[in-house]
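Participant: Structure file query-v1.cif (mmCIF, C-alpha atoms) is given on the next line.
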```cif
data_protein
#
loop_
_atom_site.label_atom_id
_atom_site.label_comp_id
_atom_site.auth_asym_id
_atom_site.auth_seq_id
_atom_site.Cartn_x
_atom_site.Cartn_y
_atom_site.Cartn_z
CA MET A 6 -14.60 18.85 -15.38
CA GLU A 7 -12.42 15.76 -15.79
CA ASP A 8 -12.63 13.05 -13.14
CA LYS A 9 -9.55 13.00 -10.91
CA PHE A 10 -8.13 9.99 -9.13
CA ILE A 11 -5.14 9.63 -6.82
CA PHE A 12 -3.45 6.30 -6.12
CA VAL A 13 -0.86 6.13 -3.32
CA VAL A 14 1.43 3.15 -3.90
CA GLY A 15 4.80 1.75 -2.89
CA ASN A 16 6.45 -0.93 -0.85
CA SER A 17 4.51 -1.82 2.28
CA ARG A 18 5.78 0.04 5.39
CA SER A 19 7.14 2.92 3.30
CA GLY A 20 4.85 5.75 4.44
CA THR A 21 1.94 5.13 2.07
CA THR A 22 -0.69 5.33 4.82
CA MET A 23 0.78 8.52 6.27
CA THR A 24 0.85 10.13 2.82
CA ALA A 25 -2.73 9.04 2.14
CA ARG A 26 -3.84 10.56 5.45
CA ILE A 27 -2.14 13.83 4.49
CA LEU A 28 -4.02 13.85 1.18
CA GLY A 29 -7.25 13.04 3.00
CA LYS A 30 -6.90 16.25 5.03
CA ASN A 31 -7.46 18.21 1.81
CA LYS A 32 -10.98 19.59 1.43
CA GLU A 33 -11.38 17.89 -1.97
CA VAL A 34 -9.78 14.49 -1.34
CA PHE A 35 -11.36 11.46 0.31
CA THR A 36 -8.86 8.78 1.29
CA PHE A 37 -10.07 5.20 1.31
CA ASN A 38 -8.88 2.38 3.49
CA GLU A 39 -6.86 -0.32 1.73
CA ILE A 40 -9.39 -1.90 -0.65
CA HIS A 41 -7.18 -4.58 -2.26
CA PHE A 42 -9.18 -4.51 -5.49
CA TRP A 43 -6.33 -4.95 -7.96
CA GLY A 44 -4.91 -8.46 -7.85
CA GLU A 45 -7.19 -9.80 -5.14
CA ILE A 46 -10.73 -9.01 -6.32
CA TRP A 47 -9.91 -8.27 -9.97
CA SER A 48 -7.34 -9.89 -12.23
CA LYS A 49 -6.41 -9.47 -15.89
CA SER A 50 -8.83 -12.25 -16.87
CA ASP A 51 -11.73 -10.07 -15.67
CA GLU A 52 -10.89 -7.20 -18.02
CA ASN A 53 -13.59 -7.87 -20.61
CA LYS A 54 -15.86 -10.01 -18.47
CA VAL A 55 -19.47 -8.80 -18.32
CA ILE A 56 -21.20 -9.41 -14.99
CA THR A 57 -24.87 -9.58 -14.08
CA GLU A 58 -26.67 -6.91 -12.09
CA LYS A 59 -26.85 -9.30 -9.14
CA GLU A 60 -23.08 -9.88 -9.30
CA ALA A 61 -22.49 -6.13 -9.58
CA ILE A 62 -24.58 -5.44 -6.47
CA LYS A 63 -22.72 -8.14 -4.54
CA LEU A 64 -19.35 -6.67 -5.59
CA ALA A 65 -20.44 -3.14 -4.63
CA SER A 66 -21.68 -4.48 -1.26
CA TYR A 67 -18.33 -6.18 -0.69
CA LEU A 68 -16.32 -3.05 -1.54
CA LEU A 69 -18.49 -1.01 0.83
CA PHE A 70 -17.98 -3.64 3.53
CA ILE A 71 -14.19 -3.52 3.14
CA GLN A 72 -14.23 0.28 3.30
CA ARG A 73 -16.66 0.75 6.17
CA VAL A 74 -16.11 -2.34 8.34
CA GLY A 75 -12.51 -3.20 7.52
CA TYR A 76 -10.36 -5.49 5.43
CA TYR A 77 -9.53 -7.72 8.40
CA PHE A 78 -13.20 -8.65 8.69
CA LYS A 79 -13.80 -9.60 5.05
CA LYS A 80 -14.61 -13.20 6.07
CA ASN A 81 -17.66 -11.79 7.91
CA PHE A 82 -19.01 -10.11 4.77
CA ASP A 83 -22.77 -9.60 4.75
CA ASN A 84 -25.28 -7.50 2.80
CA ARG A 85 -25.78 -4.72 5.34
CA PHE A 86 -24.85 -2.12 2.68
CA GLU A 87 -27.00 -3.59 -0.09
CA ASN A 88 -29.18 -0.48 -0.47
CA ASP A 89 -26.14 1.71 -1.10
CA ALA A 90 -24.75 -1.00 -3.39
CA LYS A 91 -27.91 -0.86 -5.50
CA MET A 92 -27.54 2.91 -5.76
CA ILE A 93 -23.95 2.44 -6.93
CA VAL A 94 -24.97 -0.02 -9.65
CA ASP A 95 -27.92 2.17 -10.70
CA SER A 96 -25.50 5.07 -11.24
CA ILE A 97 -23.55 3.13 -13.90
CA SER A 98 -24.55 4.13 -17.41
CA ASN A 99 -22.90 1.20 -19.21
CA LYS A 100 -25.36 -1.48 -20.23
CA ASP A 101 -22.73 -4.23 -20.12
CA LEU A 102 -21.51 -4.09 -16.53
CA THR A 103 -17.90 -4.90 -15.64
CA MET A 104 -16.07 -5.13 -12.33
CA ILE A 105 -14.13 -1.97 -13.21
CA ASP A 106 -17.43 -0.10 -13.73
CA VAL A 107 -18.54 -1.10 -10.24
CA TYR A 108 -15.16 -0.22 -8.69
CA ARG A 109 -15.15 3.22 -10.31
CA ALA A 110 -18.75 3.94 -9.29
CA PHE A 111 -17.98 2.77 -5.74
CA LEU A 112 -15.02 5.15 -5.48
CA PHE A 113 -17.11 8.13 -6.56
CA PHE A 114 -20.16 7.16 -4.49
CA GLU A 115 -18.20 6.89 -1.26
CA THR A 116 -16.18 10.03 -2.01
CA LYS A 117 -19.32 12.08 -2.67
CA LYS A 118 -21.04 10.61 0.40
CA ASN A 119 -18.18 12.00 2.48
CA GLY A 120 -18.51 15.46 0.94
CA LYS A 121 -15.40 15.23 -1.22
CA ARG A 122 -14.66 15.18 -4.96
CA ILE A 123 -11.41 13.26 -5.55
CA PRO A 124 -11.02 9.58 -4.55
CA CYS A 125 -7.65 8.53 -3.12
CA GLU A 126 -6.95 4.78 -3.13
CA GLN A 127 -4.01 3.76 -0.97
CA THR A 128 -3.41 0.01 -1.30
CA PRO A 129 0.43 -0.15 -1.59
CA ARG A 130 0.60 -3.13 -3.95
CA ASN A 131 -1.42 -1.26 -6.58
CA LEU A 132 2.07 -0.33 -7.76
CA PHE A 133 2.15 -3.68 -9.56
CA TYR A 134 -0.98 -2.71 -11.52
CA ILE A 135 0.04 0.67 -12.90
CA GLU A 136 -0.58 -0.38 -16.50
CA GLU A 137 -4.11 -1.55 -15.73
CA ILE A 138 -4.90 1.46 -13.55
CA LEU A 139 -3.91 3.89 -16.28
CA LYS A 140 -5.89 1.99 -18.88
CA PHE A 141 -9.11 2.44 -16.92
CA PHE A 142 -8.23 5.66 -15.06
CA PRO A 143 -6.23 7.68 -17.62
CA ASN A 144 -6.42 10.87 -15.54
CA ALA A 145 -5.00 9.21 -12.43
CA LYS A 146 -2.05 10.62 -10.54
CA ILE A 147 0.11 7.95 -8.94
CA VAL A 148 2.04 8.93 -5.81
CA ASN A 149 4.81 6.44 -5.05
CA LEU A 150 6.74 6.12 -1.79
CA VAL A 151 10.28 4.77 -1.42
CA ARG A 152 11.96 4.11 1.92
CA ASP A 153 15.37 2.81 2.98
CA PRO A 154 14.98 -0.98 2.58
CA ARG A 155 16.70 -1.59 5.92
CA ASP A 156 13.96 0.40 7.66
CA VAL A 157 11.34 -1.45 5.60
CA LEU A 158 12.93 -4.70 6.78
CA LEU A 159 12.80 -3.60 10.41
CA SER A 160 9.20 -2.44 10.14
CA GLN A 161 8.09 -5.64 8.42
CA LYS A 162 9.88 -7.73 11.05
CA ASN A 163 7.85 -6.03 13.77
CA LYS A 164 4.57 -5.54 11.91
CA TRP A 165 2.87 -8.33 13.88
CA LYS A 166 3.23 -6.17 16.99
CA ARG A 167 0.69 -3.70 15.58
CA LYS A 168 -1.95 -5.65 17.51
CA PHE A 169 -0.37 -4.35 20.72
CA TYR A 170 0.49 -0.88 19.43
CA GLY A 171 -2.93 0.27 18.24
CA GLU A 172 -4.59 -2.36 16.06
CA GLU A 173 -6.28 -4.37 18.83
CA TYR A 174 -8.74 -5.68 16.25
CA MET A 175 -6.00 -7.47 14.26
CA PRO A 176 -7.03 -11.16 14.05
CA LEU A 177 -4.66 -13.86 15.28
CA LYS A 178 -4.48 -15.27 11.75
CA GLU A 179 -3.24 -11.90 10.48
CA MET A 180 -0.55 -11.80 13.17
CA ILE A 181 0.62 -15.25 12.09
CA ARG A 182 0.50 -14.25 8.41
CA VAL A 183 2.65 -11.14 8.80
CA ARG A 184 5.17 -13.05 10.93
CA ALA A 185 5.33 -15.80 8.32
CA ASN A 186 5.76 -13.22 5.56
CA TYR A 187 8.97 -11.89 7.09
CA HIS A 188 12.25 -13.13 5.68
CA PRO A 189 15.14 -10.75 4.91
CA VAL A 190 15.67 -12.21 1.42
CA VAL A 191 11.98 -12.08 0.47
CA ILE A 192 11.39 -8.55 1.79
CA SER A 193 14.56 -7.29 0.10
CA ARG A 194 13.59 -8.80 -3.25
CA LEU A 195 10.09 -7.32 -3.01
CA TRP A 196 11.68 -3.92 -2.34
CA ASN A 197 13.76 -4.37 -5.50
CA SER A 198 10.67 -5.27 -7.54
CA SER A 199 8.80 -2.19 -6.33
CA VAL A 200 11.70 0.17 -6.92
CA ARG A 201 12.34 -1.18 -10.43
CA ILE A 202 8.74 -0.34 -11.34
CA ALA A 203 9.19 3.12 -9.84
CA LYS A 204 12.36 3.77 -11.82
CA ALA A 205 10.61 2.72 -15.03
CA ASN A 206 7.86 5.28 -14.45
CA ASP A 207 9.63 8.14 -12.66
CA SER A 208 9.97 10.28 -15.78
CA LYS A 209 6.27 10.08 -16.65
CA ASP A 210 3.77 12.87 -15.97
CA PHE A 211 1.28 10.68 -14.12
CA PHE A 212 3.85 9.24 -11.69
CA LYS A 213 5.98 10.80 -8.96
CA THR A 214 8.19 9.18 -6.34
CA PHE A 215 8.73 10.71 -2.91
CA LYS A 216 11.42 9.47 -0.53
CA PHE A 217 10.07 8.78 2.94
CA GLU A 218 13.16 10.32 4.53
CA CYS A 219 12.73 13.57 2.54
CA ILE A 220 9.16 13.85 3.83
CA LEU A 221 10.44 13.64 7.40
CA ASN A 222 13.29 16.10 6.84
CA ASN A 223 11.26 18.77 5.06
CA PRO A 224 7.52 18.08 5.32
CA GLU A 225 6.38 21.48 4.05
CA SER A 226 8.46 21.21 0.88
CA PHE A 227 7.10 17.70 0.34
CA LEU A 228 3.53 18.89 0.83
CA LYS A 229 3.93 21.66 -1.74
CA ASP A 230 5.34 19.18 -4.27
CA LEU A 231 2.56 16.71 -3.48
CA CYS A 232 -0.21 19.27 -3.92
CA ASN A 233 1.36 20.62 -7.11
CA PHE A 234 1.69 17.13 -8.58
CA THR A 235 -1.84 16.03 -7.72
CA GLY A 236 -3.39 19.38 -8.67
CA ILE A 237 -5.04 20.08 -5.32
CA GLY A 238 -4.95 23.14 -3.10
CA TYR A 239 -2.13 23.53 -0.58
CA SER A 240 -2.80 23.88 3.12
CA LYS A 241 -0.16 23.50 5.81
CA ASP A 242 -2.83 21.96 8.06
CA MET A 243 -2.72 18.84 5.89
CA LEU A 244 0.42 17.84 7.80
CA ASN A 245 -1.55 17.58 11.05
CA VAL A 246 -2.08 13.85 10.87
CA PRO A 247 -2.01 11.54 13.92
CA LYS A 248 1.25 9.76 14.68
CA ILE A 249 -0.08 6.24 14.36
CA GLY A 250 0.76 3.08 12.45
CA SER A 251 4.32 2.45 13.63
CA SER A 252 5.59 -1.11 14.06
CA LEU A 253 8.00 0.05 16.76
CA LYS A 254 5.87 1.98 19.26
CA LYS A 255 2.32 2.54 20.44
CA ASP A 256 -0.04 4.86 18.59
CA ASN A 257 -0.59 8.37 19.93
CA GLU A 258 -3.67 9.79 18.22
CA GLN A 259 -3.50 13.01 20.23
CA GLU A 260 -0.03 13.86 18.89
CA LEU A 261 -0.24 15.36 15.39
CA GLY A 262 2.38 16.02 12.74
CA ILE A 263 5.23 14.22 11.01
CA ASP A 264 7.43 12.04 13.21
CA LYS A 265 10.95 13.02 12.20
CA ASN A 266 12.41 10.23 14.34
CA SER A 267 11.16 7.52 11.98
CA ALA A 268 14.21 7.68 9.69
CA SER A 269 17.18 5.30 10.02
CA ASN A 270 15.56 3.27 12.79
CA TRP A 271 17.58 0.27 11.64
CA LYS A 272 20.70 1.93 13.06
CA LYS A 273 19.13 1.88 16.53
CA GLY A 274 18.86 -1.91 16.66
CA GLY A 275 16.24 -4.52 15.87
CA LEU A 276 18.02 -6.13 12.92
CA ASN A 277 20.99 -8.43 13.24
CA SER A 278 24.07 -7.87 11.11
CA THR A 279 23.15 -10.74 8.78
CA GLU A 280 19.74 -9.25 7.99
CA VAL A 281 21.35 -5.90 7.18
CA PHE A 282 24.07 -7.60 5.13
CA LEU A 283 21.53 -9.55 3.05
CA CYS A 284 19.42 -6.47 2.47
CA GLN A 285 22.40 -4.42 1.30
CA LYS A 286 23.67 -7.29 -0.85
CA ILE A 287 20.32 -7.73 -2.62
CA CYS A 288 19.23 -4.09 -2.81
CA GLY A 289 22.63 -2.39 -3.05
CA LYS A 290 22.48 -1.09 -6.63
CA LEU A 291 18.99 0.39 -6.33
CA MET A 292 19.74 1.71 -2.84
CA GLN A 293 22.58 3.77 -4.25
CA ASP A 294 20.40 4.97 -7.13
CA TYR A 295 18.06 6.50 -4.54
CA GLY A 296 20.83 7.90 -2.37
CA TYR A 297 20.85 5.31 0.42
CA LYS A 298 24.39 4.74 1.66
CA ILE A 299 25.62 1.20 2.14
CA ASP A 300 27.45 0.37 5.37
CA PHE A 301 30.28 -1.80 4.08
CA SER A 302 31.56 -2.43 7.61
CA ILE A 303 28.64 -4.76 8.36
CA LYS A 304 29.57 -8.44 8.11
CA PRO A 305 27.24 -11.45 8.38
CA ASN A 306 27.18 -14.22 10.92
CA PHE A 307 27.78 -17.24 8.68
CA LEU A 308 25.63 -19.58 10.76
CA LEU A 309 22.73 -17.15 10.45
CA LEU A 310 23.46 -16.68 6.77
CA PHE A 311 23.22 -20.43 6.28
CA TYR A 312 19.99 -20.54 8.31
CA TYR A 313 18.31 -17.79 6.27
CA TYR A 314 19.03 -19.50 2.97
CA VAL A 315 18.11 -22.99 4.19
CA SER A 316 14.86 -21.73 5.75
CA LEU A 317 13.87 -19.71 2.67
CA PRO A 318 11.93 -22.49 0.82
CA VAL A 319 10.03 -23.41 3.99
CA LYS A 320 9.19 -19.78 4.71
CA LEU A 321 8.07 -19.21 1.13
CA GLY A 322 5.81 -22.25 1.22
CA PHE A 323 4.20 -21.32 4.53
CA SER A 324 3.76 -17.70 3.47
CA PHE A 325 2.27 -18.79 0.15
CA LEU A 326 -0.41 -20.86 1.90
CA LEU A 327 -1.31 -18.01 4.25
CA ASN A 328 -1.64 -15.55 1.37
CA LEU A 329 -3.75 -17.65 -1.00
CA ASP A 330 -6.93 -15.72 -0.21
CA ARG A 331 -5.19 -12.48 -1.24
CA MET A 332 -4.57 -13.60 -4.82
CA LYS A 333 -7.26 -13.79 -7.49
CA SER A 334 -4.72 -15.26 -9.90
CA ILE A 335 -1.68 -16.92 -8.35
CA ALA A 336 0.33 -16.87 -11.58
CA GLU A 337 -0.43 -13.19 -12.21
CA ASN A 338 0.53 -12.14 -8.68
CA ILE A 339 3.83 -14.02 -8.81
CA ARG A 340 4.69 -12.79 -12.31
CA LYS A 341 4.12 -9.15 -11.39
CA ARG A 342 6.47 -9.39 -8.44
CA LEU A 343 9.37 -11.11 -10.17
#
```
What do you get writing this file as structure tokens?
Facilitator:
Amino acid sequence: MEDKFIFVVGNSRSGTTMTARILGKNKEVFTFNEIHFWGEIWSKSDENKVITEKEAIKLASYLLFIQRVGYYFKKNFDNRFENDAKMIVDSISNKDLTMIDVYRAFLFFETKKNGKRIPCEQTPRNLFYIEEILKFFPNAKIVNLVRDPRDVLLSQKNKWKRKFYGEEYMPLKEMIRVRANYHPVVISRLWNSSVRIAKANDSKDFFKTFKFECILNNPESFLKDLCNFTGIGYSKDMLNVPKIGSSLKKDNEQELGIDKNSASNWKKGGLNSTEVFLCQKICGKLMQDYGYKIDFSIKPNFLLLFYYYVSLPVKLGFSFLLNLDRMKSIAENIRKRL
């Protein structure tokens, strides 16, 4: 039987976590937390690099720590999972160990430990590493999510509030980082970069894009398409996921299902007219390609427009400094997002 892998990717705040949770409800699929392997732990320069057994065990320990303890706590990494890490490394048949070997073995070890067969990795920015993923995981199915960029903008603007809506464990530094990351021009350009990659791969067998709004409008139809694409069994119960993770309201873990009220939130307020104008100006062509209607009646406040463009270099610089520990190769990360 061929090894199966599922990668859920897309622009951040586009429904990737919800989709990954749905997949994780399948009896065969184990959904991981965001691992941030591609681009942060591994870069292109590591492709043919052979590592020692000691380095392999440390990497496996780190991956287990991220999965079991949490990405926010990576600075507190210790060797509490070293025994399992040794088992992971011992399971690798290749004599010349690579980081990819350890990553693959980790995915299968943790999946099997949880009684499942198919690993599902859900770090959104893996979208920028499709070429590398397919090289090392040729049987992978890549599920991509696209959402109205104005709703992405609104969600990103309020992401720092997650600490008060359900992620009490979010460190102060992370709150500052996500606030610094927000700028309507930057978020809009990142949406463009993600969608361009999606358009370039949409016709390929291994890749399928789902619109967030279509999931909300017809969840059962989406689920059937998702199961058919990934080759897993269909069960309506997979839609019974907790309504958590919103940047606009508190989590409610007792309430299950798909929140149909999450579409077009930008129309309800939260963005000023200049933010919407900039988003539509930057993303307009690709928005229309995906069926998102532009509101041409929205006009900018010219003082705010001036402020956003003047503040852009400062915002970029501050954000860059706060994201340094998330980039294995600065040049590679920037190049892949341009």
Participant: Kindly give the distance, in Å, that separates atom CA of A:Ser226 and atom CA of A:Trp196, rounded to a single decimal.
Facilitator: 25.5 Å
Participant: Could you check the closest approach to A:Lys341 for each of A:Cys288, A:Met175, A:Leu132, A:Leu139 and tell me which residue wins, using all atoms listed in the file?
Facilitator: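 The answer is A:Leu132, which sits nearest to A:Lys341.
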Participant: I'd like the neighbourhood of stretch 32-36 of chain A as a PyMOL selection string, where a residue qualifies if any of its atoms comes within 7 Å (using all atoms listed in the file), though same-chain residues fewer than 5 positions away should be ignored.
Facilitator: chain A and resi 25-26+116+121-126
Participant: Pick out the closest residue to A:Leu244 from this set: A:Asn38, A:Asn31, A:Asn163, A:Ser278. Count only C-alpha atoms.
Facilitator: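 Checking each of A:Asn38, A:Asn31, A:Asn163, A:Ser278 against A:Leu244, counting only C-alpha atoms, the winner is A:Asn31.
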Participant: Please compute the atom CA of A:Met104-atom CA of A:Pro129 distance, one decimal, in Å.
Facilitator: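 The value is 20.3 Å.
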Participant: Counting only C-alpha atoms, which of A:Leu343, A:Ile147, A:Ile138, A:Met292 gets nearest to A:Gly15?
Facilitator: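 Under the stated criterion, the closest residue is A:Ile147.
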Participant: For a quick check of understanding, using all atoms listed in the file, which of A:Leu310, A:Val200, A:Ser252, A:Thr214 has the smallest distance to A:Asp294?
Facilitator: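 Checking each of A:Leu310, A:Val200, A:Ser252, A:Thr214 against A:Asp294, counting all atoms listed in the file, the winner is A:Val200.
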